[in-house]
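The data block below is coords-v1.txt; it holds compact mmCIF, C-alpha atoms and all ligand atoms.
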```txt
# COMPACT_ATOMS: atom_id res chain seq x y z
CA MET T 1025 -0.39 97.48 220.32
CA GLY T 1026 -3.33 99.37 218.77
CA ASN T 1027 -1.25 100.25 215.74
CA ARG T 1028 -1.00 96.66 214.54
CA PRO T 1029 -3.09 96.05 211.38
CA ILE T 1030 -6.52 94.43 211.18
CA GLY T 1031 -6.56 91.26 209.08
CA PHE T 1032 -9.46 90.91 206.66
CA PHE T 1033 -10.16 87.98 204.40
CA ASP T 1034 -12.63 86.74 201.86
CA SER T 1035 -12.79 84.07 199.16
CA GLY T 1036 -11.98 86.84 196.66
CA LEU T 1037 -12.72 90.49 196.17
CA GLY T 1038 -16.08 90.54 198.00
CA GLY T 1039 -14.60 91.59 201.33
CA LEU T 1040 -13.20 94.69 199.65
CA THR T 1041 -16.73 96.12 199.70
CA THR T 1042 -16.41 96.63 203.47
CA ILE T 1043 -13.13 98.58 203.25
CA PRO T 1044 -14.54 102.01 202.24
CA TYR T 1045 -16.76 101.91 205.35
CA LEU T 1046 -13.70 101.14 207.47
CA ALA T 1047 -11.69 103.91 205.80
CA GLU T 1048 -14.47 106.36 206.55
CA GLN T 1049 -15.38 105.31 210.07
CA LEU T 1050 -11.93 104.31 211.36
CA PRO T 1051 -9.47 106.15 209.11
CA GLU T 1052 -6.44 105.48 211.31
CA GLU T 1053 -6.80 101.71 211.15
CA LYS T 1054 -4.52 99.79 208.79
CA ILE T 1055 -5.35 96.63 206.91
CA VAL T 1056 -3.84 93.43 205.69
CA TYR T 1057 -6.39 91.88 203.33
CA PHE T 1058 -6.25 88.43 201.78
CA GLY T 1059 -8.55 87.51 198.88
CA ASP T 1060 -8.40 83.85 197.91
CA THR T 1061 -9.01 84.65 194.25
CA ALA T 1062 -7.30 81.43 193.11
CA ARG T 1063 -9.83 79.23 194.92
CA THR T 1064 -13.00 81.31 194.77
CA PRO T 1065 -15.92 80.62 195.01
CA TYR T 1066 -16.11 79.02 198.45
CA GLY T 1067 -19.87 78.90 198.74
CA SER T 1068 -20.41 75.74 196.70
CA LYS T 1069 -17.54 73.81 198.32
CA ALA T 1070 -17.71 71.31 201.17
CA VAL T 1071 -17.64 72.82 204.64
CA SER T 1072 -14.47 70.83 205.45
CA THR T 1073 -12.71 72.46 202.48
CA ILE T 1074 -13.84 75.96 203.46
CA ARG T 1075 -12.60 75.37 207.00
CA GLN T 1076 -9.21 74.23 205.74
CA PHE T 1077 -8.88 77.35 203.55
CA ALA T 1078 -9.98 79.63 206.40
CA MET T 1079 -7.36 78.20 208.77
CA GLU T 1080 -4.59 78.62 206.22
CA ILE T 1081 -5.54 82.24 205.65
CA ALA T 1082 -5.84 82.99 209.36
CA ASP T 1083 -2.34 81.48 209.83
CA PHE T 1084 -1.06 83.72 207.05
CA LEU T 1085 -2.65 86.83 208.56
CA ARG T 1086 -1.12 85.96 211.92
CA THR T 1087 2.33 86.19 210.31
CA HIS T 1088 1.50 89.90 209.84
CA ASP T 1089 0.93 90.34 213.56
CA VAL T 1090 -2.71 91.35 213.11
CA LYS T 1091 -4.57 92.53 216.20
CA MET T 1092 -7.93 91.24 214.97
CA ILE T 1093 -9.24 89.04 212.16
CA VAL T 1094 -12.40 89.95 210.25
CA THR T 1095 -13.93 87.15 208.21
CA ALA T 1096 -15.26 89.53 205.55
CA CYS T 1097 -17.09 86.60 204.00
CA ASN T 1098 -20.51 85.30 205.01
CA THR T 1099 -19.63 81.77 203.90
CA VAL T 1100 -16.63 81.65 206.24
CA SER T 1101 -18.60 83.41 208.98
CA ALA T 1102 -21.36 80.80 208.67
CA THR T 1103 -19.06 77.78 208.70
CA CYS T 1104 -15.76 78.60 210.44
CA LEU T 1105 -16.18 81.22 213.13
CA ASP T 1106 -16.24 78.80 216.09
CA LEU T 1107 -13.27 76.92 214.74
CA LEU T 1108 -11.22 80.08 214.20
CA ARG T 1109 -12.10 81.44 217.64
CA GLU T 1110 -11.08 78.15 219.21
CA LYS T 1111 -7.80 78.09 217.31
CA TYR T 1112 -6.87 81.74 218.02
CA PRO T 1113 -8.32 82.57 221.43
CA ASP T 1114 -5.81 85.38 221.90
CA ILE T 1115 -7.21 87.76 219.25
CA PRO T 1116 -10.76 88.90 218.50
CA ILE T 1117 -12.35 87.33 215.42
CA ILE T 1118 -15.31 89.19 213.94
CA GLY T 1119 -17.78 87.64 211.54
CA VAL T 1120 -20.21 89.46 209.26
CA ILE T 1121 -23.44 87.56 210.00
CA GLU T 1122 -23.94 88.65 213.60
CA PRO T 1123 -23.77 92.41 212.75
CA ALA T 1124 -26.14 91.82 209.82
CA ALA T 1125 -28.59 89.97 212.06
CA ARG T 1126 -28.52 92.86 214.51
CA THR T 1127 -29.45 95.27 211.73
CA VAL T 1128 -32.36 93.09 210.63
CA ALA T 1129 -33.65 92.81 214.19
CA ARG T 1130 -33.37 96.57 214.63
CA ILE T 1131 -35.20 97.66 211.51
CA CYS T 1132 -37.68 94.84 210.85
CA ASP T 1133 -40.77 93.59 212.64
CA ASP T 1134 -43.35 90.87 212.06
CA SER T 1135 -45.01 92.90 209.28
CA ASN T 1136 -41.94 92.42 207.05
CA ASN T 1137 -41.17 89.57 204.71
CA ILE T 1138 -37.40 89.34 204.88
CA GLY T 1139 -35.34 87.68 202.17
CA ILE T 1140 -31.78 86.52 202.78
CA ILE T 1141 -29.60 85.85 199.73
CA GLY T 1142 -26.17 84.26 199.90
CA THR T 1143 -24.05 81.35 198.80
CA LYS T 1144 -25.16 77.72 199.11
CA ALA T 1145 -23.02 77.16 202.21
CA THR T 1146 -24.37 80.28 203.94
CA ILE T 1147 -27.99 79.57 203.15
CA SER T 1148 -28.04 75.80 203.72
CA GLY T 1149 -26.70 76.03 207.27
CA GLY T 1150 -29.42 78.48 208.38
CA ALA T 1151 -26.82 80.75 210.04
CA TYR T 1152 -28.82 83.91 209.33
CA GLU T 1153 -32.08 82.52 210.71
CA ASP T 1154 -30.29 81.41 213.89
CA ALA T 1155 -28.46 84.72 214.34
CA ILE T 1156 -31.60 86.82 213.76
CA ALA T 1157 -33.64 84.67 216.16
CA ARG T 1158 -31.09 85.39 218.90
CA HIS T 1159 -32.09 89.07 218.61
CA LYS T 1160 -35.75 88.91 217.68
CA GLU T 1161 -38.19 86.05 217.36
CA GLY T 1162 -41.23 85.71 215.12
CA LEU T 1163 -39.88 87.41 211.99
CA SER T 1164 -40.85 86.01 208.57
CA ILE T 1165 -37.60 85.00 206.95
CA TYR T 1166 -37.09 83.38 203.56
CA SER T 1167 -33.75 82.48 202.04
CA GLU T 1168 -32.35 81.75 198.63
CA ALA T 1169 -28.90 80.60 197.49
CA CYS T 1170 -27.63 82.46 194.41
CA PRO T 1171 -24.45 80.51 193.54
CA ILE T 1172 -23.77 82.14 190.17
CA PHE T 1173 -23.47 85.69 191.52
CA VAL T 1174 -19.95 85.32 192.98
CA PRO T 1175 -18.31 83.88 189.81
CA LEU T 1176 -19.94 86.63 187.71
CA ILE T 1177 -18.71 89.36 190.05
CA GLU T 1178 -15.20 87.87 190.28
CA GLU T 1179 -15.14 87.95 186.46
CA GLY T 1180 -16.17 91.59 186.48
CA ILE T 1181 -19.43 90.83 184.65
CA LEU T 1182 -21.44 93.71 186.03
CA GLY T 1183 -24.14 96.03 184.78
CA ASN T 1184 -25.00 94.18 181.59
CA GLU T 1185 -27.66 91.80 180.28
CA ILE T 1186 -25.96 88.72 181.76
CA THR T 1187 -26.10 90.25 185.24
CA THR T 1188 -29.75 91.18 184.73
CA LEU T 1189 -30.63 87.65 183.62
CA ALA T 1190 -28.80 86.06 186.55
CA ILE T 1191 -30.50 88.35 189.06
CA LYS T 1192 -33.93 87.73 187.58
CA TYR T 1193 -33.27 83.98 187.42
CA TYR T 1194 -32.76 83.79 191.20
CA LEU T 1195 -34.82 86.66 192.50
CA ASP T 1196 -38.01 87.09 190.43
CA ARG T 1197 -39.81 84.04 191.79
CA PHE T 1198 -38.21 84.37 195.24
CA ILE T 1199 -39.22 87.99 195.72
CA TYR T 1200 -42.67 87.89 194.15
CA SER T 1201 -43.94 84.57 195.50
CA ASN T 1202 -42.79 85.33 199.06
CA HIS T 1203 -43.79 89.02 198.88
CA ILE T 1204 -40.30 89.99 200.03
CA ASP T 1205 -40.08 93.66 201.06
CA THR T 1206 -36.61 93.59 202.68
CA LEU T 1207 -33.61 91.90 201.12
CA VAL T 1208 -30.41 91.17 203.04
CA LEU T 1209 -27.21 90.99 201.00
CA GLY T 1210 -25.83 87.91 202.78
CA CYS T 1211 -22.62 87.81 200.77
CA THR T 1212 -19.96 90.50 200.70
CA HIS T 1213 -19.76 90.32 196.91
CA TYR T 1214 -23.39 91.35 196.45
CA PRO T 1215 -23.04 95.10 197.16
CA MET T 1216 -21.44 95.15 193.71
CA ILE T 1217 -24.79 94.26 192.15
CA GLN T 1218 -26.90 96.25 194.60
CA ASP T 1219 -27.63 99.04 192.07
CA GLU T 1220 -28.86 96.50 189.58
CA ILE T 1221 -31.10 94.78 192.16
CA GLU T 1222 -32.51 98.19 193.15
CA ARG T 1223 -33.21 98.99 189.52
CA LEU T 1224 -35.03 95.69 188.94
CA TYR T 1225 -37.08 95.74 192.16
CA PRO T 1226 -37.95 99.36 192.96
CA GLY T 1227 -39.28 99.87 196.46
CA LEU T 1228 -37.43 96.86 197.87
CA GLN T 1229 -35.56 97.72 201.08
CA ILE T 1230 -31.99 96.40 200.75
CA ILE T 1231 -29.76 95.76 203.74
CA ASN T 1232 -26.02 95.93 203.07
CA PRO T 1233 -24.50 94.99 206.44
CA SER T 1234 -21.05 96.57 205.80
CA MET T 1235 -21.58 99.60 208.01
CA GLU T 1236 -22.76 97.45 210.91
CA VAL T 1237 -19.70 95.22 210.48
CA ILE T 1238 -17.41 98.22 210.90
CA SER T 1239 -19.37 99.31 213.99
CA ALA T 1240 -18.86 95.83 215.45
CA ILE T 1241 -15.11 96.16 214.78
CA GLU T 1242 -15.04 99.58 216.43
CA THR T 1243 -16.92 98.36 219.50
CA VAL T 1244 -14.48 95.50 220.11
CA LEU T 1245 -11.38 97.64 219.47
CA ARG T 1246 -12.67 100.32 221.82
CA GLU T 1247 -13.54 97.79 224.54
CA LYS T 1248 -10.05 96.30 224.32
CA ASP T 1249 -8.37 99.69 224.05
CA MET T 1250 -6.90 98.67 220.69
CA LEU T 1251 -7.95 101.52 218.41
CA ALA T 1252 -5.11 102.77 216.19
CA LYS T 1253 -3.77 106.24 216.62
CA GLY T 1254 -2.01 107.83 213.67
CA SER T 1255 -0.34 104.63 212.51
CA GLU T 1256 2.09 104.73 209.60
CA PHE T 1257 1.56 101.16 208.47
CA GLU T 1258 0.87 100.65 204.76
CA ASN T 1259 -2.33 98.84 203.77
CA THR T 1260 -1.55 95.62 201.92
CA PHE T 1261 -3.94 93.62 199.76
CA TYR T 1262 -2.87 90.08 199.02
CA ALA T 1263 -4.54 87.78 196.52
CA SER T 1264 -3.78 84.15 195.74
CA ASP T 1265 -4.30 85.06 192.08
CA LEU T 1266 -3.87 88.65 190.99
CA SER T 1267 -6.88 88.83 188.68
CA GLU T 1268 -7.47 92.00 186.71
CA ASN T 1269 -10.76 92.52 188.49
CA PHE T 1270 -9.11 92.30 191.91
CA LEU T 1271 -6.55 94.92 190.88
CA ASN T 1272 -9.24 97.17 189.42
CA MET T 1273 -11.46 96.86 192.46
CA THR T 1274 -8.61 97.58 194.88
CA ASN T 1275 -7.63 100.63 192.85
CA THR T 1276 -11.19 101.90 192.69
CA ILE T 1277 -11.82 101.38 196.39
CA LEU T 1278 -8.55 102.86 197.61
CA GLU T 1279 -8.21 105.59 195.07
CA GLY T 1280 -5.78 108.20 196.27
CA SER T 1281 -4.54 106.33 199.34
CA ARG T 1282 -1.23 104.58 199.85
CA PHE T 1283 -1.40 100.80 199.56
CA LYS T 1284 0.33 97.79 198.10
CA VAL T 1285 -1.14 94.84 196.18
CA ALA T 1286 0.77 91.57 196.29
CA PHE T 1287 0.50 87.95 195.26
CA LYS T 1288 0.55 85.27 197.93
CA ASN T 1289 0.15 81.62 197.10
CA LEU T 1290 -1.39 79.39 199.78
CA GLU T 1291 -1.36 75.67 199.28
CA LEU T 1292 -3.22 72.75 200.78
N1 LIG R 1301 -17.96 86.98 199.70
C1 LIG R 1301 -18.25 85.61 200.08
C2 LIG R 1301 -19.42 85.58 201.04
O1 LIG R 1301 -19.72 86.60 201.63
C3 LIG R 1301 -18.41 84.77 198.84
C4 LIG R 1301 -18.18 83.30 199.08
C5 LIG R 1301 -17.90 82.50 197.84
O2 LIG R 1301 -16.77 82.55 197.39
O3 LIG R 1301 -18.77 81.77 197.37
O4 LIG R 1301 -20.04 84.57 201.25
```
Now that the file is in, can you turn its structure into structure tokens?
Amino acid sequence: MGNRPIGFFDSGLGGLTTIPYLAEQLPEEKIVYFGDTARTPYGSKAVSTIRQFAMEIADFLRTHDVKMIVTACNTVSATCLDLLREKYPDIPIIGVIEPAARTVARICDDSNNIGIIGTKATISGGAYEDAIARHKEGLSIYSEACPIFVPLIEEGILGNEITTLAIKYYLDRFIYSNHIDTLVLGCTHYPMIQDEIERLYPGLQIINPSMEVISAIETVLREKDMLAKGSEFENTFYASDLSENFLNMTNTILEGSRFKVAFKNLEL
């Protein structure tokens, strides 16, 4: 039972940024990942569309007999978690916003000015503010949607002058006018530009919630006695479009380990 895979999904390659933390913390767990690279980005789409996509992907992951689904996407976590939990009450479904909110509540107090960055859908629904308030009240929270970051990252445009311009375009005014001292990467794609953000805003405390997400996974698996033990299952990474960047990222992240990358078309 515990040796069934964990299903992960994201609108594209963003969710891959959580996998190294899983590989390190829970090395016996196996993964079926789906990146909806053909339909990314999700964050600027209507909530009804995102929900439709999320249900299709969860259905697909279920065909792999997953023991848990991780919505490794803030946009899906912000808009679809209740729906997915209602539709699949028999398996645990873990989002990424709740673990991130826990981290913020743990390390911040009312002296901090906290900035949340994410997609339009994540930011406009106020999911982060609500989740943080459930853990700690009275924090100063500001948020900013950065819709161009995901398309740039999916294209592999990283570490050059275009990335710098895009980051400055969204973050200069946001960070300086709100005196932000702590920045939460509220999109699983953003760890790929974390170095660049750190370079541009030295001294800024950056929260990448990936580690906390894996701890949340571990807690639930332990509680349900579902941790894997020495499983032989091969990790599989599906994408609805096998972009070069997806292949490169998967190779970089899983360097040296056994895995398979495959194409899977999902249709409306
Ligand atoms: N990685 C997704 C997230 O965390 C990106 C969503 C998008 O495709 O816009 O929100």
Exercise. Which residues come within 7 Å of region 1026-1038 of chain T, counting only C-alpha atoms, excluding same-chain residues fewer than 4 positions away, as a PyMOL selection string?
Worked result: chain T and resi 1053-1061+1064-1066+1085+1089-1097+1178+1212-1213+1250-1253+1255+1270
Problem set entry | Neighbour list for region 1118-1121 of chain T as number ranges by chain, cut-off 8 Å, all atoms listed in the file, skip fewer than 4 positions in-chain | T: 1092-1098, 1101-1102, 1105, 1125, 1151-1152, 1155, 1210, 1233-1234, 1237, 1240-1241
Exercise. Which residues come within 8 Å of Leu1182 (chain T), counting all atoms listed in the file, excluding same-chain residues fewer than 4 positions away, as a ChimeraX atom specification?
Worked result: /T:1176-1177,1186-1187,1216-1217
For this session: Extract, using all atoms listed in the file, all DNA, RNA and protein residues at most 7 Å from Glu1258 (chain T), discarding same-chain residues fewer than 2 positions from it, and format them as an NGL selection string.
Result: :T and (1054 or 1256 or 1260 or 1282-1283)
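Residue nearest ligand LIG 1301 (chain R), chosen from T:Thr1073, T:Pro1044, T:Ala1078, T:Gly1067 and counting all atoms listed in the file: T:Gly1067.
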For this session: For each of T:Tyr1214, T:Phe1198, T:Phe1084, T:Tyr1045, take the minimum atom-to-atom distance to ligand LIG 1301 (chain R), counting all atoms listed in the file, then give the residue where this is smallest.
Result: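 Of all the options, T:Tyr1214 lies closest to ligand LIG 1301 (chain R).
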Exercise. Please, what distance in Å, to one decimal, runs between CA of Asn1275 (chain T) and CA of Gln1218 (chain T)?
Worked result: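 Rounded to one decimal, the two atoms are 19.8 Å apart.
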Problem set entry | Polymer residues at most 12 Å from Glu1080 (chain T), only C-alpha atoms, same-chain spacing of 2 or more positions, as JSON, numbers by chain | {"T": [1033, 1058, 1060, 1073, 1074, 1075, 1076, 1077, 1078, 1082, 1083, 1084, 1085, 1086, 1087, 1104, 1108, 1111, 1264, 1288, 1289, 1290, 1291, 1292]}
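With distances restricted to all atoms listed in the file, T:Lys1144 is the closest residue to ligand LIG 1301 (chain R) from T:Lys1284, T:Lys1248, T:His1159, T:Lys1144.
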Problem set entry | Nearest to Ile1199 (chain T) by atom-to-atom distance, counting only C-alpha atoms, from T:Pro1051, T:Gly1183, T:Gly1139, T:Gly1162 |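 Closest residue, counting only C-alpha atoms: T:Gly1139.
Put simply, atom N1 of ligand LIG 1301 (chain R) is 25.1 Å away from CA of Leu1163 (chain T).
If you look at CA of Phe1173 (chain T) and CA of Glu1048 (chain T), they are 27.1 Å away from each other.
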Seminar exercise, completed: Counting only C-alpha atoms, the residue among T:Thr1099, T:Gly1150, T:His1088, T:Pro1215 that lies closest to Met1235 (chain T) is T:Pro1215
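Using all atoms listed in the file, the nearest neighbour of ligand LIG 1301 (chain R) within the list T:Asn1232, T:Thr1188, T:Thr1143, T:Asn1136 is T:Thr1143.
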So that all listed atoms of ligand LIG 1301 (chain R) fit with 8 Å spare on each side, what axis-aligned box centre and edge lengths in Å, to one decimal, would you give as AutoDock Vina command-line options?
```
--center_x -18.4 --center_y 84.4 --center_z 199.5 --size_x 19.3 --size_y 21.2 --size_z 20.3
```
Can you take the partial region 1119-1130 of chain T, add N, CA, C and O atoms, and return it as a CSV table (one decimal), in the coordinates of the input?
```
chain,number,residue,atom,x,y,z
T,1119,GLY,N,-17.1,88.1,212.7
T,1119,GLY,CA,-17.8,87.6,211.5
T,1119,GLY,C,-18.7,88.7,211.0
T,1119,GLY,O,-18.9,89.7,211.6
T,1120,VAL,N,-19.3,88.4,209.8
T,1120,VAL,CA,-20.2,89.5,209.3
T,1120,VAL,C,-21.7,89.1,209.5
T,1120,VAL,O,-22.5,90.0,209.2
T,1121,ILE,N,-22.0,87.9,209.9
T,1121,ILE,CA,-23.4,87.6,210.0
T,1121,ILE,C,-24.1,88.2,211.2
T,1121,ILE,O,-25.2,88.7,211.2
T,1122,GLU,N,-23.4,88.1,212.3
T,1122,GLU,CA,-23.9,88.6,213.6
T,1122,GLU,C,-24.3,90.1,213.5
T,1122,GLU,O,-25.4,90.5,213.8
T,1123,PRO,N,-23.4,91.0,212.9
T,1123,PRO,CA,-23.8,92.4,212.8
T,1123,PRO,C,-25.0,92.6,211.8
T,1123,PRO,O,-25.8,93.4,212.0
T,1124,ALA,N,-25.0,91.7,210.8
T,1124,ALA,CA,-26.1,91.8,209.8
T,1124,ALA,C,-27.4,91.5,210.5
T,1124,ALA,O,-28.5,92.1,210.3
T,1125,ALA,N,-27.4,90.4,211.3
T,1125,ALA,CA,-28.6,90.0,212.1
T,1125,ALA,C,-29.1,91.1,213.0
T,1125,ALA,O,-30.3,91.3,213.1
T,1126,ARG,N,-28.1,91.8,213.6
T,1126,ARG,CA,-28.5,92.9,214.5
T,1126,ARG,C,-29.3,94.0,213.8
T,1126,ARG,O,-30.3,94.5,214.2
T,1127,THR,N,-28.8,94.2,212.5
T,1127,THR,CA,-29.4,95.3,211.7
T,1127,THR,C,-30.9,94.8,211.4
T,1127,THR,O,-31.8,95.6,211.5
T,1128,VAL,N,-31.0,93.6,211.0
T,1128,VAL,CA,-32.4,93.1,210.6
T,1128,VAL,C,-33.3,93.2,211.8
T,1128,VAL,O,-34.4,93.7,211.7
T,1129,ALA,N,-32.8,92.8,213.0
T,1129,ALA,CA,-33.6,92.8,214.2
T,1129,ALA,C,-34.0,94.3,214.6
T,1129,ALA,O,-35.1,94.5,215.0
T,1130,ARG,N,-33.1,95.2,214.3
T,1130,ARG,CA,-33.4,96.6,214.6
T,1130,ARG,C,-34.4,97.2,213.7
T,1130,ARG,O,-35.3,97.9,214.2
```
